[in-house]
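J.: Structure: protein-v9.csv, CSV, C-alpha atoms.
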```csv
chain,number,residue,atom,x,y,z
A,5,MET,CA,-71.6,-103.3,-5.9
A,6,ILE,CA,-74.3,-104.8,-3.7
A,7,THR,CA,-77.6,-103.0,-3.0
A,8,ILE,CA,-79.4,-103.4,0.3
A,9,ILE,CA,-83.2,-103.6,0.2
A,10,SER,CA,-85.0,-101.8,3.0
A,11,LYS,CA,-88.5,-102.0,4.3
A,12,ILE,CA,-90.1,-98.6,5.0
A,13,GLU,CA,-93.0,-98.4,7.4
A,14,LEU,CA,-94.6,-96.0,9.8
A,15,GLU,CA,-93.1,-95.6,13.3
A,16,GLY,CA,-95.2,-93.9,15.9
A,17,GLU,CA,-97.6,-91.3,14.5
A,18,ASP,CA,-95.5,-89.4,12.1
A,19,ASN,CA,-92.1,-90.9,11.4
A,20,LEU,CA,-90.6,-93.3,8.9
A,21,LYS,CA,-88.8,-96.5,10.0
A,22,SER,CA,-86.3,-98.2,7.7
A,23,SER,CA,-85.2,-101.8,8.3
A,24,ASP,CA,-82.9,-103.8,6.1
A,25,VAL,CA,-84.5,-107.0,4.8
A,26,GLY,CA,-82.2,-108.3,2.1
A,27,TYR,CA,-79.6,-107.6,-0.6
A,28,THR,CA,-79.3,-108.0,-4.3
A,29,SER,CA,-77.0,-107.4,-7.2
A,30,ASP,CA,-79.8,-107.8,-9.8
A,31,VAL,CA,-80.4,-104.5,-11.5
A,32,ASP,CA,-83.9,-105.6,-12.6
A,33,VAL,CA,-84.9,-106.3,-9.0
A,34,ILE,CA,-83.4,-102.9,-7.9
A,35,ASN,CA,-85.2,-101.0,-10.6
A,36,GLU,CA,-88.5,-102.8,-9.9
A,37,ILE,CA,-88.3,-102.0,-6.2
A,38,ASN,CA,-87.4,-98.3,-6.7
A,39,GLU,CA,-90.0,-97.7,-9.4
A,40,ALA,CA,-92.7,-99.0,-7.1
A,41,TYR,CA,-91.3,-96.8,-4.3
A,42,ASP,CA,-91.2,-93.7,-6.6
A,43,ALA,CA,-94.8,-94.3,-7.7
A,44,SER,CA,-96.0,-94.7,-4.1
A,45,LEU,CA,-94.3,-93.2,-1.1
A,46,GLY,CA,-91.8,-91.3,-3.2
A,47,LEU,CA,-94.7,-89.6,-5.0
A,48,PHE,CA,-96.5,-88.9,-1.7
A,49,LEU,CA,-93.4,-87.3,-0.2
A,50,GLY,CA,-92.7,-85.2,-3.4
A,51,GLU,CA,-96.3,-83.9,-3.5
A,52,ASN,CA,-96.5,-83.2,0.2
A,53,ARG,CA,-93.0,-82.2,1.3
A,54,THR,CA,-93.8,-78.6,2.3
A,55,LYS,CA,-97.0,-79.7,4.1
A,56,LEU,CA,-95.1,-82.4,5.9
A,57,GLU,CA,-92.5,-79.8,7.0
A,58,LEU,CA,-95.3,-77.5,8.3
A,59,ASN,CA,-97.2,-80.4,9.9
A,60,LEU,CA,-100.2,-79.8,7.7
A,61,VAL,CA,-100.1,-83.4,6.5
A,62,SER,CA,-99.1,-86.6,8.3
A,63,VAL,CA,-97.2,-89.4,6.6
A,64,SER,CA,-99.5,-91.7,8.5
A,65,SER,CA,-102.2,-90.9,5.9
A,66,PHE,CA,-100.1,-92.7,3.3
A,67,PHE,CA,-99.7,-95.8,5.5
A,68,SER,CA,-103.4,-96.0,6.3
A,69,GLU,CA,-103.7,-97.8,2.9
A,70,THR,CA,-100.2,-99.3,2.5
A,71,PRO,CA,-98.6,-101.1,5.4
A,72,TYR,CA,-95.1,-100.8,4.0
A,73,VAL,CA,-93.0,-100.1,0.9
A,74,ASN,CA,-89.5,-101.3,-0.1
A,75,GLU,CA,-86.6,-99.2,-1.3
A,76,ALA,CA,-83.2,-100.2,-2.7
A,77,ARG,CA,-81.0,-97.2,-2.3
A,78,THR,CA,-78.2,-98.4,0.0
A,79,GLN,CA,-75.0,-99.5,-1.7
A,80,VAL,CA,-72.2,-101.5,-0.1
A,81,GLU,CA,-69.1,-103.1,-1.6
A,82,ASN,CA,-69.5,-106.5,0.1
A,83,THR,CA,-71.8,-108.4,2.5
A,84,GLU,CA,-69.3,-108.5,5.4
A,85,GLY,CA,-71.2,-108.2,8.7
A,86,LEU,CA,-74.6,-108.4,7.0
A,87,VAL,CA,-77.1,-111.0,8.2
A,88,LEU,CA,-79.4,-110.7,5.3
A,89,ILE,CA,-80.8,-113.0,2.6
A,90,GLU,CA,-80.1,-112.5,-1.1
A,91,ILE,CA,-83.2,-111.4,-3.0
A,92,THR,CA,-83.4,-112.7,-6.5
A,93,ASN,CA,-87.1,-112.1,-7.1
A,94,ILE,CA,-89.3,-109.3,-5.8
A,95,ASN,CA,-91.9,-111.9,-4.7
A,96,GLN,CA,-89.5,-112.9,-1.9
A,97,LEU,CA,-90.2,-109.6,-0.2
B,14,MET,CA,-45.6,-92.6,7.2
B,15,SER,CA,-47.7,-95.4,5.8
B,16,VAL,CA,-50.9,-95.0,3.8
B,17,PRO,CA,-54.3,-95.5,5.4
B,18,ILE,CA,-56.0,-98.7,4.3
B,19,LYS,CA,-59.4,-98.2,2.8
B,20,GLY,CA,-62.2,-100.3,4.3
B,21,ASN,CA,-65.9,-100.8,3.8
B,22,THR,CA,-68.2,-98.2,2.4
B,23,THR,CA,-71.9,-97.7,2.7
B,24,SER,CA,-73.8,-95.2,0.6
B,25,ASN,CA,-77.5,-94.2,0.9
B,26,ASN,CA,-79.9,-91.7,-0.6
B,27,SER,CA,-83.2,-92.2,1.2
B,28,THR,CA,-85.6,-89.8,2.8
B,29,PRO,CA,-85.2,-89.9,6.7
B,30,GLY,CA,-88.9,-89.0,7.3
B,31,GLY,CA,-88.1,-88.1,10.9
B,32,SER,CA,-85.6,-86.3,13.1
B,33,PHE,CA,-82.8,-88.9,12.6
B,34,ARG,CA,-81.6,-91.6,10.3
B,35,ASN,CA,-80.1,-95.0,11.2
B,36,GLN,CA,-77.7,-96.7,8.8
B,37,ALA,CA,-76.0,-100.0,9.4
B,38,HIS,CA,-72.3,-100.1,8.5
B,39,THR,CA,-69.5,-102.6,9.1
B,40,GLN,CA,-66.2,-101.3,10.5
B,41,ASN,CA,-63.1,-103.2,9.5
B,42,THR,CA,-60.9,-104.8,12.1
B,43,GLY,CA,-57.3,-103.5,12.5
B,44,SER,CA,-55.3,-100.9,14.3
B,45,GLY,CA,-55.7,-97.2,13.5
B,46,GLY,CA,-59.4,-97.5,12.9
B,47,LEU,CA,-61.3,-94.5,11.6
B,48,ILE,CA,-64.9,-94.1,10.3
B,49,VAL,CA,-66.0,-91.0,8.5
B,50,ALA,CA,-69.5,-89.9,7.3
B,51,GLN,CA,-70.3,-87.3,4.7
B,52,PHE,CA,-73.9,-85.9,4.5
B,53,CYS,CA,-75.8,-83.5,2.3
B,54,MET,CA,-79.5,-82.6,2.6
B,55,SER,CA,-81.9,-79.7,2.3
B,56,ASN,CA,-81.1,-76.9,4.7
B,57,SER,CA,-84.6,-76.9,6.1
B,58,VAL,CA,-83.1,-78.6,9.2
B,59,SER,CA,-79.5,-78.9,10.5
B,60,TYR,CA,-77.4,-81.8,11.8
B,61,SER,CA,-77.3,-81.9,15.6
B,62,SER,CA,-75.1,-85.0,16.3
B,63,ALA,CA,-74.0,-88.4,15.1
B,64,THR,CA,-73.1,-91.6,16.8
B,65,TYR,CA,-71.6,-94.9,15.6
B,66,GLY,CA,-72.2,-98.0,17.7
B,67,GLY,CA,-73.5,-95.6,20.4
B,68,PHE,CA,-70.2,-93.6,20.5
B,69,ALA,CA,-70.4,-89.9,19.8
B,70,MET,CA,-68.8,-88.8,16.5
B,71,THR,CA,-66.9,-85.6,16.1
B,72,GLN,CA,-68.3,-83.0,13.7
B,73,LEU,CA,-65.5,-81.8,11.5
B,74,TYR,CA,-67.7,-79.3,9.7
B,75,GLN,CA,-71.3,-78.4,8.9
B,76,ILE,CA,-71.9,-75.8,6.3
B,77,ASN,CA,-75.0,-74.2,5.0
B,78,ARG,CA,-74.8,-73.7,1.2
B,79,SER,CA,-77.7,-71.2,1.1
B,80,GLY,CA,-77.3,-70.7,-2.7
B,81,LEU,CA,-77.9,-74.4,-3.2
B,82,GLY,CA,-80.4,-74.7,-0.3
B,83,GLN,CA,-78.3,-77.5,1.1
B,84,ARG,CA,-76.5,-78.3,4.3
B,85,MET,CA,-73.3,-80.5,4.1
B,86,ALA,CA,-71.5,-82.1,7.0
B,87,PHE,CA,-68.6,-84.4,7.9
B,88,PHE,CA,-68.4,-86.5,11.0
B,89,TYR,CA,-65.7,-88.9,12.1
B,90,LEU,CA,-64.7,-91.2,15.0
B,91,GLU,CA,-61.3,-92.6,15.7
B,92,ASN,CA,-61.0,-96.2,17.0
B,93,PRO,CA,-64.7,-97.0,16.4
B,94,PRO,CA,-66.1,-100.3,17.5
B,95,THR,CA,-65.5,-103.0,14.8
B,96,GLY,CA,-68.1,-105.1,13.1
B,97,SER,CA,-71.6,-104.2,12.1
B,98,ASN,CA,-73.0,-101.2,14.0
B,99,THR,CA,-75.5,-98.5,13.5
B,100,LEU,CA,-74.5,-95.0,12.4
B,101,ARG,CA,-77.2,-92.6,13.6
B,102,VAL,CA,-77.3,-89.0,12.5
B,103,ASN,CA,-79.7,-86.6,14.3
B,104,PHE,CA,-81.4,-83.5,12.9
B,105,SER,CA,-82.9,-80.4,14.5
B,106,GLY,CA,-86.3,-81.4,13.1
B,107,SER,CA,-87.9,-83.9,10.8
B,108,GLN,CA,-86.3,-84.1,7.3
B,109,TRP,CA,-88.7,-84.9,4.5
B,110,ASN,CA,-86.1,-84.4,1.7
B,111,PRO,CA,-83.6,-87.1,0.6
B,112,LEU,CA,-80.4,-87.4,2.6
B,113,SER,CA,-77.1,-88.2,0.9
B,114,THR,CA,-75.0,-90.4,3.2
B,115,HIS,CA,-71.6,-91.8,2.5
B,116,ILE,CA,-69.8,-93.8,5.2
B,117,ARG,CA,-66.2,-95.1,4.8
B,118,SER,CA,-64.0,-97.1,7.2
B,119,PHE,CA,-60.3,-97.0,7.4
B,120,THR,CA,-57.6,-98.9,9.3
B,121,ASN,CA,-54.0,-97.9,9.6
B,122,SER,CA,-55.1,-94.2,9.8
B,123,GLY,CA,-53.7,-91.4,11.8
B,124,GLY,CA,-57.0,-89.6,11.9
B,125,ILE,CA,-58.2,-86.4,10.2
B,126,GLY,CA,-55.8,-83.8,8.8
B,127,ASN,CA,-56.4,-80.6,6.8
B,128,SER,CA,-59.9,-79.8,5.6
B,129,LEU,CA,-61.1,-77.0,3.4
B,130,ARG,CA,-64.4,-76.0,1.8
B,131,SER,CA,-65.2,-74.0,-1.2
B,132,GLY,CA,-68.7,-72.9,-2.1
B,133,GLY,CA,-70.2,-72.9,-5.6
B,134,SER,CA,-67.9,-71.7,-8.3
B,135,ALA,CA,-68.2,-72.1,-12.1
B,136,THR,CA,-67.2,-75.5,-13.5
B,137,PRO,CA,-64.5,-76.6,-13.6
B,138,HIS,CA,-64.0,-75.8,-10.0
B,139,ASN,CA,-60.3,-75.9,-9.1
B,140,ALA,CA,-58.9,-76.0,-5.6
B,141,SER,CA,-56.1,-77.6,-3.6
B,142,LEU,CA,-55.3,-79.2,-0.2
B,143,THR,CA,-52.0,-79.4,1.5
B,144,VAL,CA,-51.3,-82.8,2.8
B,145,SER,CA,-48.7,-84.9,4.7
B,146,ASP,CA,-46.8,-87.7,3.1
B,147,ASP,CA,-48.9,-90.8,2.4
B,148,SER,CA,-52.3,-89.1,3.2
B,149,LEU,CA,-55.5,-89.7,1.2
B,150,ILE,CA,-58.0,-87.0,0.3
B,151,MET,CA,-61.8,-87.4,0.4
B,152,MET,CA,-63.8,-85.0,-1.7
B,153,THR,CA,-67.5,-84.1,-2.1
B,154,SER,CA,-69.4,-81.6,-4.3
B,155,CYS,CA,-72.9,-80.3,-4.7
B,156,SER,CA,-74.5,-78.6,-7.7
B,157,ILE,CA,-77.8,-77.8,-9.3
B,158,ASN,CA,-76.6,-79.6,-12.4
B,159,ALA,CA,-75.3,-83.1,-13.0
B,160,ILE,CA,-71.8,-83.6,-11.6
B,161,THR,CA,-69.4,-85.1,-14.2
B,162,SER,CA,-66.1,-85.6,-12.4
B,163,GLN,CA,-64.2,-85.6,-9.1
B,164,GLN,CA,-60.5,-85.4,-9.8
B,165,ILE,CA,-58.0,-86.3,-7.1
B,166,PRO,CA,-55.5,-85.0,-8.2
B,167,THR,CA,-56.6,-82.8,-11.1
B,168,GLY,CA,-56.6,-85.0,-14.2
B,169,THR,CA,-57.3,-88.3,-12.4
B,170,ASN,CA,-61.0,-89.1,-12.2
B,171,GLN,CA,-62.1,-91.0,-9.1
B,172,SER,CA,-65.3,-93.0,-8.7
B,173,TYR,CA,-68.1,-91.5,-6.6
B,174,SER,CA,-71.8,-91.9,-5.9
B,175,GLN,CA,-74.1,-89.4,-7.5
B,176,HIS,CA,-77.1,-88.7,-5.2
B,177,ASN,CA,-80.2,-86.6,-5.6
B,178,THR,CA,-81.2,-84.5,-2.6
B,179,ASN,CA,-83.3,-82.2,-4.9
B,180,ARG,CA,-79.8,-81.0,-5.8
B,181,GLN,CA,-77.0,-83.1,-7.3
B,182,VAL,CA,-74.4,-84.5,-4.9
B,183,ALA,CA,-71.1,-86.3,-5.6
B,184,THR,CA,-69.9,-88.2,-2.5
B,185,GLY,CA,-67.3,-90.8,-1.8
B,186,ALA,CA,-64.5,-89.8,-4.1
B,187,ILE,CA,-61.1,-90.6,-2.6
B,188,SER,CA,-57.5,-90.7,-3.7
B,189,SER,CA,-55.9,-93.8,-5.2
B,190,ASN,CA,-54.6,-96.4,-2.7
B,191,ALA,CA,-51.0,-95.2,-3.0
B,192,GLY,CA,-51.7,-91.9,-1.3
B,193,HIS,CA,-50.0,-88.6,-2.0
B,194,SER,CA,-46.6,-87.1,-1.5
B,195,ALA,CA,-46.4,-84.3,1.0
B,196,GLY,CA,-47.4,-80.9,-0.4
B,197,SER,CA,-50.2,-79.1,-2.2
B,198,ILE,CA,-52.5,-81.3,-4.2
B,199,ALA,CA,-54.5,-79.8,-7.0
B,200,LEU,CA,-58.2,-80.9,-7.1
B,201,ARG,CA,-61.0,-80.4,-9.6
B,202,ALA,CA,-64.7,-80.9,-9.6
B,203,THR,CA,-66.8,-80.5,-12.8
B,204,SER,CA,-70.5,-80.4,-13.6
B,205,THR,CA,-72.4,-80.1,-16.9
B,206,PHE,CA,-72.6,-76.4,-16.5
B,207,GLY,CA,-73.1,-73.7,-13.8
B,208,ASN,CA,-71.6,-73.7,-10.3
B,209,ILE,CA,-70.3,-76.6,-8.2
B,210,SER,CA,-68.9,-76.7,-4.6
B,211,LEU,CA,-65.7,-78.6,-3.6
B,212,ASP,CA,-65.1,-79.8,-0.1
B,213,ARG,CA,-61.9,-81.8,0.7
B,214,THR,CA,-60.5,-83.5,3.7
B,215,GLU,CA,-57.2,-85.2,4.4
B,216,ILE,CA,-57.1,-88.7,5.9
B,217,LEU,CA,-53.8,-89.1,7.6
B,218,GLY,CA,-51.5,-92.2,7.5
B,219,VAL,CA,-49.7,-93.4,10.5
B,220,SER,CA,-46.0,-92.8,11.4
B,221,SER,CA,-43.8,-95.7,10.5
B,222,PRO,CA,-42.0,-97.4,13.5
B,223,VAL,CA,-38.6,-95.9,14.2
B,224,SER,CA,-36.0,-98.0,12.5
B,225,THR,CA,-33.5,-99.8,14.8
B,226,GLY,CA,-30.9,-99.7,12.0
B,227,ASN,CA,-29.0,-103.0,12.0
B,228,GLY,CA,-30.8,-104.3,15.0
B,229,ASP,CA,-28.0,-103.7,17.5
B,230,PHE,CA,-29.1,-102.0,20.7
B,231,PHE,CA,-28.0,-101.7,24.3
B,232,LEU,CA,-30.2,-102.5,27.3
B,233,VAL,CA,-29.3,-100.3,30.2
B,234,MET,CA,-30.3,-101.9,33.5
```
Take the structure in the file and write it out as structure tokens.
T.:
Amino acid sequence: MITIISKIELEGEDNLKSSDVGYTSDVDVINEINEAYDASLGLFLGENRTKLELNLVSVSSFFSETPYVNEARTQVENTEGLVLIEITNINQL
Amino acid sequence: MSVPIKGNTTSNNSTPGGSFRNQAHTQNTGSGGLIVAQFCMSNSVSYSSATYGGFAMTQLYQINRSGLGQRMAFFYLENPPTGSNTLRVNFSGSQWNPLSTHIRSFTNSGGIGNSLRSGGSATPHNASLTVSDDSLIMMTSCSINAITSQQIPTGTNQSYSQHNTNRQVATGAISSNAGHSAGSIALRATSTFGNISLDRTEILGVSSPVSTGNGDFFLVM
């Protein structure tokens, strides 16, 4: 199984934008990316979910300090049709 | 009939963070093309539409599992554009909870057949689906607890993706490549304990060409 790495950033004033930036089969790379996501944007979303739904908090407040985060939670069986580079080290991102 | 040919799959469990989510997916080349998408997310918003490569997909079902606080849906498109395209699913408002997405392509498919849905029932949840000869069955389940199997038919574990939408979701389970014989197929979904839902949908094969016997024929002018 191949995992697609996405770049998550702010779009407009209050939406998330996801763009695919690479792929990997390295479990260590996947875990490192998702642990960083869970400790940053994932944590923000978890703590503010209800307030986000009620428009009491804007996701833009998270991105005022962090331009983007990566996430590795898309899985495909092969790279057919993908125009992406293989990521073997998180420093490539 | 001949069995549908399984193609590419794409599975994702991210938070849309907006009123839609785009997901790239590559549709295989071949006749009888079909793309299907299974979704599950918090019922705080609903699914309003889906497109693939800009073409509107048909909503087979959308069901609010109020006991689980989840909304599950199935969209499909026959003869979709081939190659890498974007599958876009739109919501009635911004979704800040994780979305479970499973997309699968087929070729040599006759489209969608029977489909039934069963809400949460104590594990093991047993159900059935009546299918035509050479059809495949896709299955999905949701539970508060970890899902431990998707059996198509009962007794045969099929692989699936386990997603977390603040509930547990099993998505992507499908019959073995050989397909089923016509009739009622027993199905089972299990979780560690408690209730689990069981939704199932038939993927039809295509009719075999009419045999010309020994090849002799008359041409009437």
J.: May I ask you to extract the residues of chain B within 9 Å of chain A, using only C-alpha atoms, and to give them as a list of chain:residue names?
T.: B:Asn21, B:Thr22, B:Thr23, B:Ser24, B:Asn25, B:Asn26, B:Ser27, B:Thr28, B:Pro29, B:Gly30, B:Gly31, B:Ser32, B:Arg34, B:Asn35, B:Gln36, B:Ala37, B:His38, B:Thr39, B:Gln40, B:Ser57, B:Gly96, B:Ser97, B:Asn98, B:Gly106, B:Ser107, B:Gln108, B:Trp109, B:Asn110
J.: Report the distance between CA of Met5 (chain A) and CA of Thr205 (chain B) in Å, rounded to one decimal place.
T.: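 Atom-to-atom, CA of Met5 (chain A) to CA of Thr205 (chain B), that is 25.7 Å.
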J.: Rounded to one decimal, what separation in Å do you get between CA of Ser194 (chain B) and CA of Thr143 (chain B)?
T.: 9.9 Å
J.: Pick out the closest residue to Tyr89 (chain B) from this set: B:Leu217, B:Ile76, B:Ala63, B:Ile150. Count only C-alpha atoms.
T.: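 Smallest distance to Tyr89 (chain B) is found for B:Ala63.
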